[in-house]
Every structure is written in C-alpha cells, then in structure tokens.
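A.B. asks: Input structure: coords_36.pdb, which contains PDB, C-alpha atoms.
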```pdb
MODEL        1
ATOM      1  CA  GLY M  59      -5.393 -29.695  -0.697  1.00  0.00           C
ATOM      2  CA  GLU M  60      -2.032 -28.023  -0.548  1.00  0.00           C
ATOM      3  CA  ASP M  61      -1.657 -24.852   1.498  1.00  0.00           C
ATOM      4  CA  VAL M  62       1.299 -22.647   2.342  1.00  0.00           C
ATOM      5  CA  GLU M  63       1.245 -20.230   5.265  1.00  0.00           C
ATOM      6  CA  GLN M  64       3.650 -17.469   6.135  1.00  0.00           C
ATOM      7  CA  SER M  65       3.604 -14.386   8.300  1.00  0.00           C
ATOM      8  CA  LEU M  66       2.769 -11.187   6.444  1.00  0.00           C
ATOM      9  CA  PHE M  67       5.355  -8.723   7.739  1.00  0.00           C
ATOM     10  CA  LEU M  68       8.879  -8.619   9.124  1.00  0.00           C
ATOM     11  CA  SER M  69      10.850  -5.528  10.033  1.00  0.00           C
ATOM     12  CA  VAL M  70      14.598  -5.572  10.738  1.00  0.00           C
ATOM     13  CA  ARG M  71      17.488  -3.166  10.993  1.00  0.00           C
ATOM     14  CA  GLU M  72      20.265  -3.089   8.418  1.00  0.00           C
ATOM     15  CA  GLY M  73      23.039  -5.494   9.341  1.00  0.00           C
ATOM     16  CA  ASP M  74      20.787  -7.776  11.385  1.00  0.00           C
ATOM     17  CA  SER M  75      19.739 -11.261  10.315  1.00  0.00           C
ATOM     18  CA  SER M  76      16.234 -11.802   8.964  1.00  0.00           C
ATOM     19  CA  VAL M  77      14.366 -15.057   9.387  1.00  0.00           C
ATOM     20  CA  ILE M  78      11.230 -15.653   7.359  1.00  0.00           C
ATOM     21  CA  ASN M  79       9.151 -18.682   8.271  1.00  0.00           C
ATOM     22  CA  CYS M  80       6.732 -20.812   6.319  1.00  0.00           C
ATOM     23  CA  THR M  81       4.613 -23.888   6.909  1.00  0.00           C
ATOM     24  CA  TYR M  82       3.241 -26.154   4.220  1.00  0.00           C
ATOM     25  CA  THR M  83       0.801 -29.033   4.174  1.00  0.00           C
ATOM     26  CA  ASP M  84       1.808 -31.469   1.449  1.00  0.00           C
ATOM     27  CA  SER M  85       4.307 -33.912   2.908  1.00  0.00           C
ATOM     28  CA  SER M  86       4.933 -35.344  -0.559  1.00  0.00           C
ATOM     29  CA  SER M  87       6.323 -32.050  -1.893  1.00  0.00           C
ATOM     30  CA  THR M  88       9.630 -32.814  -3.569  1.00  0.00           C
ATOM     31  CA  TYR M  89      10.903 -29.268  -3.741  1.00  0.00           C
ATOM     32  CA  LEU M  90      10.349 -26.139  -1.673  1.00  0.00           C
ATOM     33  CA  TYR M  91      11.207 -22.684  -2.893  1.00  0.00           C
ATOM     34  CA  TRP M  92      11.847 -19.105  -1.900  1.00  0.00           C
ATOM     35  CA  TYR M  93      11.050 -16.347  -4.372  1.00  0.00           C
ATOM     36  CA  LYS M  94      11.654 -12.607  -4.056  1.00  0.00           C
ATOM     37  CA  GLN M  95       9.409  -9.921  -5.528  1.00  0.00           C
ATOM     38  CA  GLU M  96      10.532  -6.310  -5.723  1.00  0.00           C
ATOM     39  CA  PRO M  97       7.966  -3.537  -6.334  1.00  0.00           C
ATOM     40  CA  GLY M  98       6.491  -3.654  -9.828  1.00  0.00           C
ATOM     41  CA  ALA M  99       8.496  -6.719 -10.780  1.00  0.00           C
ATOM     42  CA  GLY M 100       7.933 -10.409 -11.298  1.00  0.00           C
ATOM     43  CA  LEU M 101       9.005 -13.176  -8.963  1.00  0.00           C
ATOM     44  CA  GLN M 102      12.683 -14.013  -8.907  1.00  0.00           C
ATOM     45  CA  LEU M 103      13.807 -17.444  -7.760  1.00  0.00           C
ATOM     46  CA  LEU M 104      16.129 -16.994  -4.798  1.00  0.00           C
ATOM     47  CA  THR M 105      16.805 -20.548  -3.764  1.00  0.00           C
ATOM     48  CA  TYR M 106      15.152 -23.927  -3.420  1.00  0.00           C
ATOM     49  CA  ILE M 107      15.697 -27.111  -1.475  1.00  0.00           C
ATOM     50  CA  PHE M 108      15.057 -30.743  -2.224  1.00  0.00           C
ATOM     51  CA  SER M 109      12.894 -32.465   0.360  1.00  0.00           C
ATOM     52  CA  ASN M 110      15.580 -34.955   1.395  1.00  0.00           C
ATOM     53  CA  MET M 111      17.834 -32.124   2.562  1.00  0.00           C
ATOM     54  CA  ASP M 112      17.520 -30.247   5.833  1.00  0.00           C
ATOM     55  CA  MET M 113      19.734 -27.281   5.067  1.00  0.00           C
ATOM     56  CA  LYS M 114      21.057 -25.381   2.094  1.00  0.00           C
ATOM     57  CA  GLN M 115      23.375 -22.392   2.178  1.00  0.00           C
ATOM     58  CA  ASP M 116      23.937 -19.958  -0.654  1.00  0.00           C
ATOM     59  CA  GLN M 117      26.066 -16.929   0.238  1.00  0.00           C
ATOM     60  CA  ARG M 118      23.961 -14.833   2.647  1.00  0.00           C
ATOM     61  CA  LEU M 119      20.970 -17.146   2.363  1.00  0.00           C
ATOM     62  CA  THR M 120      20.364 -20.207   4.516  1.00  0.00           C
ATOM     63  CA  VAL M 121      17.339 -22.424   4.041  1.00  0.00           C
ATOM     64  CA  LEU M 122      16.296 -24.779   6.821  1.00  0.00           C
ATOM     65  CA  LEU M 123      13.761 -27.536   6.260  1.00  0.00           C
ATOM     66  CA  ASN M 124      12.037 -29.443   9.057  1.00  0.00           C
ATOM     67  CA  LYS M 125      10.135 -32.056   7.153  1.00  0.00           C
ATOM     68  CA  LYS M 126       8.576 -33.581  10.268  1.00  0.00           C
ATOM     69  CA  ASP M 127       6.944 -30.272  11.191  1.00  0.00           C
ATOM     70  CA  LYS M 128       6.525 -29.186   7.544  1.00  0.00           C
ATOM     71  CA  HIS M 129       8.374 -25.979   8.350  1.00  0.00           C
ATOM     72  CA  LEU M 130      10.657 -24.049   6.036  1.00  0.00           C
ATOM     73  CA  SER M 131      12.685 -20.972   6.893  1.00  0.00           C
ATOM     74  CA  LEU M 132      14.843 -18.499   5.029  1.00  0.00           C
ATOM     75  CA  ARG M 133      17.608 -16.702   6.898  1.00  0.00           C
ATOM     76  CA  ILE M 134      19.220 -13.672   5.330  1.00  0.00           C
ATOM     77  CA  ALA M 135      22.492 -12.742   7.002  1.00  0.00           C
ATOM     78  CA  ASP M 136      23.666  -9.126   7.183  1.00  0.00           C
ATOM     79  CA  THR M 137      20.363  -7.826   5.801  1.00  0.00           C
ATOM     80  CA  GLN M 138      20.693  -4.813   3.513  1.00  0.00           C
ATOM     81  CA  THR M 139      18.161  -2.183   2.456  1.00  0.00           C
ATOM     82  CA  GLY M 140      18.205  -3.776  -0.996  1.00  0.00           C
ATOM     83  CA  ASP M 141      16.739  -6.904   0.560  1.00  0.00           C
ATOM     84  CA  SER M 142      13.482  -5.051   1.203  1.00  0.00           C
ATOM     85  CA  ALA M 143      10.892  -6.936  -0.854  1.00  0.00           C
ATOM     86  CA  ILE M 144       8.142  -9.524  -0.607  1.00  0.00           C
ATOM     87  CA  TYR M 145       9.378 -13.080  -0.053  1.00  0.00           C
ATOM     88  CA  PHE M 146       7.238 -15.999  -1.161  1.00  0.00           C
ATOM     89  CA  CYS M 147       7.474 -19.542   0.050  1.00  0.00           C
ATOM     90  CA  ALA M 148       6.240 -22.204  -2.370  1.00  0.00           C
ATOM     91  CA  GLU M 149       5.856 -25.949  -2.509  1.00  0.00           C
ATOM     92  CA  MET M 150       5.624 -28.140  -5.548  1.00  0.00           C
ATOM     93  CA  ASP M 151       2.163 -29.657  -5.765  1.00  0.00           C
ATOM     94  CA  GLY M 152       1.295 -33.318  -5.440  1.00  0.00           C
ATOM     95  CA  THR M 153       1.596 -33.902  -9.193  1.00  0.00           C
ATOM     96  CA  GLY M 154       5.150 -32.523  -9.194  1.00  0.00           C
ATOM     97  CA  THR M 155       4.139 -29.925 -11.734  1.00  0.00           C
ATOM     98  CA  ALA M 156       2.851 -26.593 -10.389  1.00  0.00           C
ATOM     99  CA  LEU M 157       3.985 -24.425  -7.508  1.00  0.00           C
ATOM    100  CA  ILE M 158       1.644 -23.447  -4.718  1.00  0.00           C
ATOM    101  CA  PHE M 159       2.574 -20.128  -3.119  1.00  0.00           C
ATOM    102  CA  GLY M 160       2.065 -18.548   0.260  1.00  0.00           C
ATOM    103  CA  LYS M 161       0.726 -14.995   0.444  1.00  0.00           C
ATOM    104  CA  GLY M 162       4.202 -13.567   0.885  1.00  0.00           C
ATOM    105  CA  THR M 163       6.130 -11.906   3.719  1.00  0.00           C
ATOM    106  CA  THR M 164       6.944  -8.230   3.300  1.00  0.00           C
ATOM    107  CA  LEU M 165      10.447  -7.605   4.614  1.00  0.00           C
ATOM    108  CA  SER M 166      11.212  -4.023   5.575  1.00  0.00           C
ATOM    109  CA  VAL M 167      14.825  -3.118   6.275  1.00  0.00           C
ATOM    110  CA  SER M 168      15.573   0.166   8.030  1.00  0.00           C
ATOM    111  CA  SER M 169      18.954   1.846   8.128  1.00  0.00           C
TER     112      SER M 169
ATOM    113  CA  ASP F  38      17.647 -16.061 -23.332  1.00  0.00           C
ATOM    114  CA  ALA F  39      15.358 -13.066 -22.788  1.00  0.00           C
ATOM    115  CA  GLY F  40      13.314 -14.851 -20.169  1.00  0.00           C
ATOM    116  CA  VAL F  41       9.536 -15.069 -20.040  1.00  0.00           C
ATOM    117  CA  ILE F  42       8.057 -12.118 -21.914  1.00  0.00           C
ATOM    118  CA  GLN F  43       4.619 -10.736 -21.164  1.00  0.00           C
ATOM    119  CA  SER F  44       2.660  -7.988 -22.850  1.00  0.00           C
ATOM    120  CA  PRO F  45       1.302  -5.518 -22.213  1.00  0.00           C
ATOM    121  CA  ARG F  46       2.943  -4.429 -18.939  1.00  0.00           C
ATOM    122  CA  HIS F  47      -0.103  -2.363 -18.036  1.00  0.00           C
ATOM    123  CA  GLU F  48      -3.668  -2.539 -19.274  1.00  0.00           C
ATOM    124  CA  VAL F  49      -6.472  -0.202 -18.314  1.00  0.00           C
ATOM    125  CA  THR F  50      -9.906  -0.990 -19.663  1.00  0.00           C
ATOM    126  CA  GLU F  51     -13.551  -0.404 -18.961  1.00  0.00           C
ATOM    127  CA  MET F  52     -15.929  -2.941 -17.535  1.00  0.00           C
ATOM    128  CA  GLY F  53     -17.419  -5.125 -20.248  1.00  0.00           C
ATOM    129  CA  GLN F  54     -14.465  -4.885 -22.608  1.00  0.00           C
ATOM    130  CA  GLU F  55     -12.429  -7.857 -23.807  1.00  0.00           C
ATOM    131  CA  VAL F  56      -8.888  -8.093 -22.509  1.00  0.00           C
ATOM    132  CA  THR F  57      -6.120 -10.250 -23.981  1.00  0.00           C
ATOM    133  CA  LEU F  58      -2.877 -10.875 -22.145  1.00  0.00           C
ATOM    134  CA  ARG F  59       0.085 -12.389 -23.953  1.00  0.00           C
ATOM    135  CA  CYS F  60       3.024 -14.530 -22.971  1.00  0.00           C
ATOM    136  CA  LYS F  61       6.128 -15.898 -24.658  1.00  0.00           C
ATOM    137  CA  PRO F  62       7.753 -18.628 -22.558  1.00  0.00           C
ATOM    138  CA  ILE F  63      11.455 -19.361 -22.416  1.00  0.00           C
ATOM    139  CA  SER F  64      12.488 -21.273 -25.518  1.00  0.00           C
ATOM    140  CA  GLY F  65      12.511 -25.025 -24.930  1.00  0.00           C
ATOM    141  CA  HIS F  66      10.279 -24.941 -21.872  1.00  0.00           C
ATOM    142  CA  ASP F  67       7.377 -27.353 -22.157  1.00  0.00           C
ATOM    143  CA  TYR F  68       5.296 -26.136 -19.207  1.00  0.00           C
ATOM    144  CA  LEU F  69       3.525 -22.776 -19.141  1.00  0.00           C
ATOM    145  CA  PHE F  70       1.562 -21.413 -16.186  1.00  0.00           C
ATOM    146  CA  TRP F  71      -0.774 -18.452 -15.686  1.00  0.00           C
ATOM    147  CA  TYR F  72      -1.012 -17.012 -12.169  1.00  0.00           C
ATOM    148  CA  ARG F  73      -3.032 -14.102 -10.796  1.00  0.00           C
ATOM    149  CA  GLN F  74      -1.828 -11.960  -7.889  1.00  0.00           C
ATOM    150  CA  THR F  75      -4.106  -9.908  -5.655  1.00  0.00           C
ATOM    151  CA  MET F  76      -3.643  -8.479  -2.190  1.00  0.00           C
ATOM    152  CA  MET F  77      -6.487 -10.536  -0.785  1.00  0.00           C
ATOM    153  CA  ARG F  78      -5.760 -13.921  -2.342  1.00  0.00           C
ATOM    154  CA  GLY F  79      -2.042 -13.777  -3.055  1.00  0.00           C
ATOM    155  CA  LEU F  80      -0.779 -15.804  -6.025  1.00  0.00           C
ATOM    156  CA  GLU F  81      -3.382 -18.115  -7.497  1.00  0.00           C
ATOM    157  CA  LEU F  82      -2.703 -20.682 -10.194  1.00  0.00           C
ATOM    158  CA  LEU F  83      -5.244 -20.201 -12.975  1.00  0.00           C
ATOM    159  CA  ILE F  84      -4.233 -22.759 -15.597  1.00  0.00           C
ATOM    160  CA  TYR F  85      -1.213 -24.583 -16.933  1.00  0.00           C
ATOM    161  CA  PHE F  86      -0.205 -26.177 -20.212  1.00  0.00           C
ATOM    162  CA  ASN F  87       2.141 -29.005 -21.053  1.00  0.00           C
ATOM    163  CA  ASN F  88       3.346 -29.230 -24.640  1.00  0.00           C
ATOM    164  CA  ASN F  89       0.694 -26.653 -25.605  1.00  0.00           C
ATOM    165  CA  VAL F  90      -2.137 -28.748 -24.139  1.00  0.00           C
ATOM    166  CA  PRO F  91      -4.169 -27.382 -21.199  1.00  0.00           C
ATOM    167  CA  ILE F  92      -3.709 -29.807 -18.309  1.00  0.00           C
ATOM    168  CA  ASP F  93      -5.425 -28.191 -15.334  1.00  0.00           C
ATOM    169  CA  ASP F  94      -7.772 -25.220 -15.605  1.00  0.00           C
ATOM    170  CA  SER F  95      -9.459 -25.716 -12.243  1.00  0.00           C
ATOM    171  CA  GLY F  96      -8.142 -22.343 -11.068  1.00  0.00           C
ATOM    172  CA  MET F  97      -9.864 -20.367 -13.808  1.00  0.00           C
ATOM    173  CA  PRO F  98     -12.428 -18.272 -11.922  1.00  0.00           C
ATOM    174  CA  GLU F  99     -15.327 -18.519 -14.361  1.00  0.00           C
ATOM    175  CA  ASP F 100     -16.293 -18.888 -17.985  1.00  0.00           C
ATOM    176  CA  ARG F 101     -15.334 -15.307 -18.730  1.00  0.00           C
ATOM    177  CA  PHE F 102     -11.712 -16.480 -18.570  1.00  0.00           C
ATOM    178  CA  SER F 103     -10.117 -18.532 -21.333  1.00  0.00           C
ATOM    179  CA  ALA F 104      -6.543 -19.424 -22.217  1.00  0.00           C
ATOM    180  CA  LYS F 105      -4.927 -20.804 -25.316  1.00  0.00           C
ATOM    181  CA  MET F 106      -1.512 -21.960 -26.389  1.00  0.00           C
ATOM    182  CA  PRO F 107      -1.519 -22.255 -30.187  1.00  0.00           C
ATOM    183  CA  ASN F 108       2.198 -23.073 -30.323  1.00  0.00           C
ATOM    184  CA  ALA F 109       5.195 -23.643 -28.067  1.00  0.00           C
ATOM    185  CA  SER F 110       6.203 -20.000 -28.063  1.00  0.00           C
ATOM    186  CA  PHE F 111       2.945 -18.182 -27.420  1.00  0.00           C
ATOM    187  CA  SER F 112       0.021 -18.198 -25.025  1.00  0.00           C
ATOM    188  CA  THR F 113      -2.907 -15.871 -24.383  1.00  0.00           C
ATOM    189  CA  LEU F 114      -5.214 -15.325 -21.452  1.00  0.00           C
ATOM    190  CA  LYS F 115      -8.489 -13.684 -22.411  1.00  0.00           C
ATOM    191  CA  ILE F 116     -11.158 -12.147 -20.216  1.00  0.00           C
ATOM    192  CA  GLN F 117     -14.488 -11.414 -21.869  1.00  0.00           C
ATOM    193  CA  PRO F 118     -16.325  -9.471 -20.567  1.00  0.00           C
ATOM    194  CA  SER F 119     -13.987  -7.953 -18.008  1.00  0.00           C
ATOM    195  CA  GLU F 120     -15.197  -6.821 -14.572  1.00  0.00           C
ATOM    196  CA  PRO F 121     -13.613  -4.557 -11.923  1.00  0.00           C
ATOM    197  CA  ARG F 122     -12.948  -7.567  -9.674  1.00  0.00           C
ATOM    198  CA  ASP F 123     -10.613  -8.933 -12.368  1.00  0.00           C
ATOM    199  CA  SER F 124      -8.168  -6.128 -11.574  1.00  0.00           C
ATOM    200  CA  ALA F 125      -4.916  -7.816 -10.552  1.00  0.00           C
ATOM    201  CA  VAL F 126      -1.414  -8.598 -11.736  1.00  0.00           C
ATOM    202  CA  TYR F 127      -1.343 -11.569 -14.089  1.00  0.00           C
ATOM    203  CA  PHE F 128       1.871 -13.537 -14.306  1.00  0.00           C
ATOM    204  CA  CYS F 129       3.012 -16.055 -16.845  1.00  0.00           C
ATOM    205  CA  ALA F 130       5.708 -18.568 -15.894  1.00  0.00           C
ATOM    206  CA  SER F 131       7.473 -21.422 -17.626  1.00  0.00           C
ATOM    207  CA  ARG F 132       9.719 -24.354 -16.838  1.00  0.00           C
ATOM    208  CA  HIS F 133      11.165 -27.423 -18.446  1.00  0.00           C
ATOM    209  CA  SER F 134       9.844 -30.793 -17.310  1.00  0.00           C
ATOM    210  CA  THR F 135      13.344 -31.942 -16.356  1.00  0.00           C
ATOM    211  CA  ASN F 136      14.099 -28.841 -14.272  1.00  0.00           C
ATOM    212  CA  GLU F 137      12.482 -27.870 -10.989  1.00  0.00           C
ATOM    213  CA  LYS F 138      13.019 -24.128 -11.491  1.00  0.00           C
ATOM    214  CA  LEU F 139      10.016 -22.001 -12.451  1.00  0.00           C
ATOM    215  CA  PHE F 140      10.714 -18.684 -14.198  1.00  0.00           C
ATOM    216  CA  PHE F 141       8.298 -15.763 -14.138  1.00  0.00           C
ATOM    217  CA  GLY F 142       7.591 -12.928 -16.509  1.00  0.00           C
ATOM    218  CA  SER F 143       7.303  -9.344 -15.284  1.00  0.00           C
ATOM    219  CA  GLY F 144       3.527  -9.523 -15.191  1.00  0.00           C
ATOM    220  CA  THR F 145       0.631  -7.543 -16.634  1.00  0.00           C
ATOM    221  CA  GLN F 146      -1.017  -5.051 -14.296  1.00  0.00           C
ATOM    222  CA  LEU F 147      -4.715  -5.082 -15.260  1.00  0.00           C
ATOM    223  CA  SER F 148      -7.091  -2.372 -14.111  1.00  0.00           C
ATOM    224  CA  VAL F 149     -10.753  -2.701 -15.022  1.00  0.00           C
ATOM    225  CA  LEU F 150     -12.693   0.507 -14.359  1.00  0.00           C
TER     226      LEU F 150
ENDMDL
END
```
Output the file's structure in the form of structure tokens.
C.D. replies:
Amino acid sequence: GEDVEQSLFLSVREGDSSVINCTYTDSSSTYLYWYKQEPGAGLQLLTYIFSNMDMKQDQRLTVLLNKKDKHLSLRIADTQTGDSAIYFCAEMDGTGTALIFGKGTTLSVSS
Amino acid sequence: DAGVIQSPRHEVTEMGQEVTLRCKPISGHDYLFWYRQTMMRGLELLIYFNNNVPIDDSGMPEDRFSAKMPNASFSTLKIQPSEPRDSAVYFCASRHSTNEKLFFGSGTQLSVL
C-alpha cells in the first residue's frame, strides 16, 4: 500500500535555508503536497505539485520532485522563527481521492 | 467561507462514555474525510464520504467507531464506548472532486480518562 516517510526533526538557525525531505511509494500519485501544522492548530496547505512537474517555486518555498526516486523535498529560504512548526508530506492515494500523510517533520528555528 | 468547522475543540470524558465529534465541511465540497492524529501513528485516515455516502471505512479502528453524514453540511464521528487509547486529535477535512486541495478543520482534542 501507499507509504510516506520523512525524517522527524530538523533544526536550523534563523536566516538559513531549511530542506525537508520525503519519500513516497505510490508511483501513480498525481499530486504531492506539503502541509504545515502550528501548535494546537489544524493542517494548513502550504503548496503542492503535480506529478509531471519537477519543480515549483512559491515565494520562499521551493518544491523539488524526483519521480524516478519517489523523492520530494521542501526548501524554505531565509527561514524565520515563525516557520517553526510540523511539516507534513502527503501523496494522493491510488484512487485519486484521499491523502496519505507522513508522520511529519518538526522544524525548529533558533535565533 | 468560514472553512471546515469542527466542534467541540476539546473533549474530556471518562472511559466507557459515548463521544460525538461534529464537522461542517466547506460549502459545495462533495468529499469529507475524518483523520486521527497521534504521536505514535501520525495522521491516519479513518473514513471518507462522497456525496454523503461512506466510500471507504477501512481505517476505522473497530466497531466502537461509527461515522455518519446525514446531509451535505454535517458529519459526525461517534465513539461508543470510549477508551483511553482513543485519546487523540481528530480532524475533519473536505475538498471538491474537481479540486486537488484538501482543507482541514482545527481538530477536536479528545482525552479519555
């Protein structure tokens, strides 16, 4: 079945770039997503990429997709303390209906 | 639009009690999902509906869990009887079939003592 793996923790200094990595298993996934969860809040859609793309840029966010290796990454440029949160990678399931999530990467930004 | 609305935000109950979680999806969305979040298992899909009809409930942990969607603007997730291991954050999410974006509510933090 589908599975999404990501590292659990990442710690960076303010102003540095953060790169959060993710691997997924379903090669037929049409869309891949990054969500952000702040403490006590729901999941907020940050960005997503269609599977026929290899890169998408949205202000400070850059998503890279390596479909051959089933690897997705999220780069946050000029990381700020407000970026501290849990970041979830997700793939759309084989039916094209539900999202399957990784366990989340906790990003800690120190000043 | 107000987004996906869940109630209550927090629920504390005793083992054996019935718990009902509520969700109002975004107007016009025809898919509704219930997820559960725990430290150990992350975000698990419990069940989803399409046009108010349950499509896949394979993620529902056991018969103590049930979900309904009596109309397009309301869904409930019920646990009866509740157990301490049900303690988690339960999220409702919705999307439209023509749009790949999934929108989440703020969640219900459930504590079963």
A.B. asks: Would you please work out which residue, of F:Arg73, F:Tyr68, F:Lys61, F:Val56, is nearest to Lys161 (chain M) when using only C-alpha atoms?
C.D. replies: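 Result for the nearest residue to Lys161 (chain M): F:Arg73.
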A.B. asks: Evaluate the ChimeraX specification (/F :<8) & /M and record the selected residues as a ChimeraX atom specification, following the chain and residue labels used in the document.
C.D. replies: /M:89,98-103,156,158-162
A.B. asks: Could you tell me which of F:Ala104, F:Ala125, F:Ile92, F:Ala109 comes closest to Ser64 (chain F) if we count all atoms listed in the file?
C.D. replies: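 For Ser64 (chain F), the nearest of the given residues is F:Ala109.
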A.B. asks: Could you work out how far CA of Thr135 (chain F) lies from CA of Met111 (chain M), giving the answer in Å with one decimal?
C.D. replies: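 CA of Thr135 (chain F) lies 19.4 Å from CA of Met111 (chain M).
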A.B. asks: Could you list, as number ranges by chain, every residue matched by the PyMOL selection byres ((chain M and resi 152-155) around 7) in this structure?
C.D. replies: M: 86-87, 150-151, 156-157
A.B. asks: Taking all atoms listed in the file into account, name the residue in F:Gln43, F:Thr50, F:Ser112, F:Ser103 that is nearest to Ser148 (chain F).
C.D. replies: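 The shortest atom-to-atom distance to Ser148 (chain F) comes from F:Thr50.
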A.B. asks: Residues at most 8 Å from region 131-135 of chain M, counting only C-alpha atoms, excluding those fewer than 2 positions away in the same chain, as a PyMOL selection string?
C.D. replies: chain M and resi 73-80+92+118-123+129+137
A.B. asks: Go through F:Gln117, F:Ser131, F:Ser124, F:Asn89 and flag the residue nearest Leu147 (chain F), using all atoms listed in the file for the distances.
C.D. replies: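 Using all atoms listed in the file, Leu147 (chain F) sits closest to F:Ser124.
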A.B. asks: Using only C-alpha atoms, list the residues that have an atom at most 8 Å from (14.3, -8.8, 3.8), coordinates as in the file, as a PyMOL selection string.
C.D. replies: chain M and resi 68-70+76+134+137-145+164-167
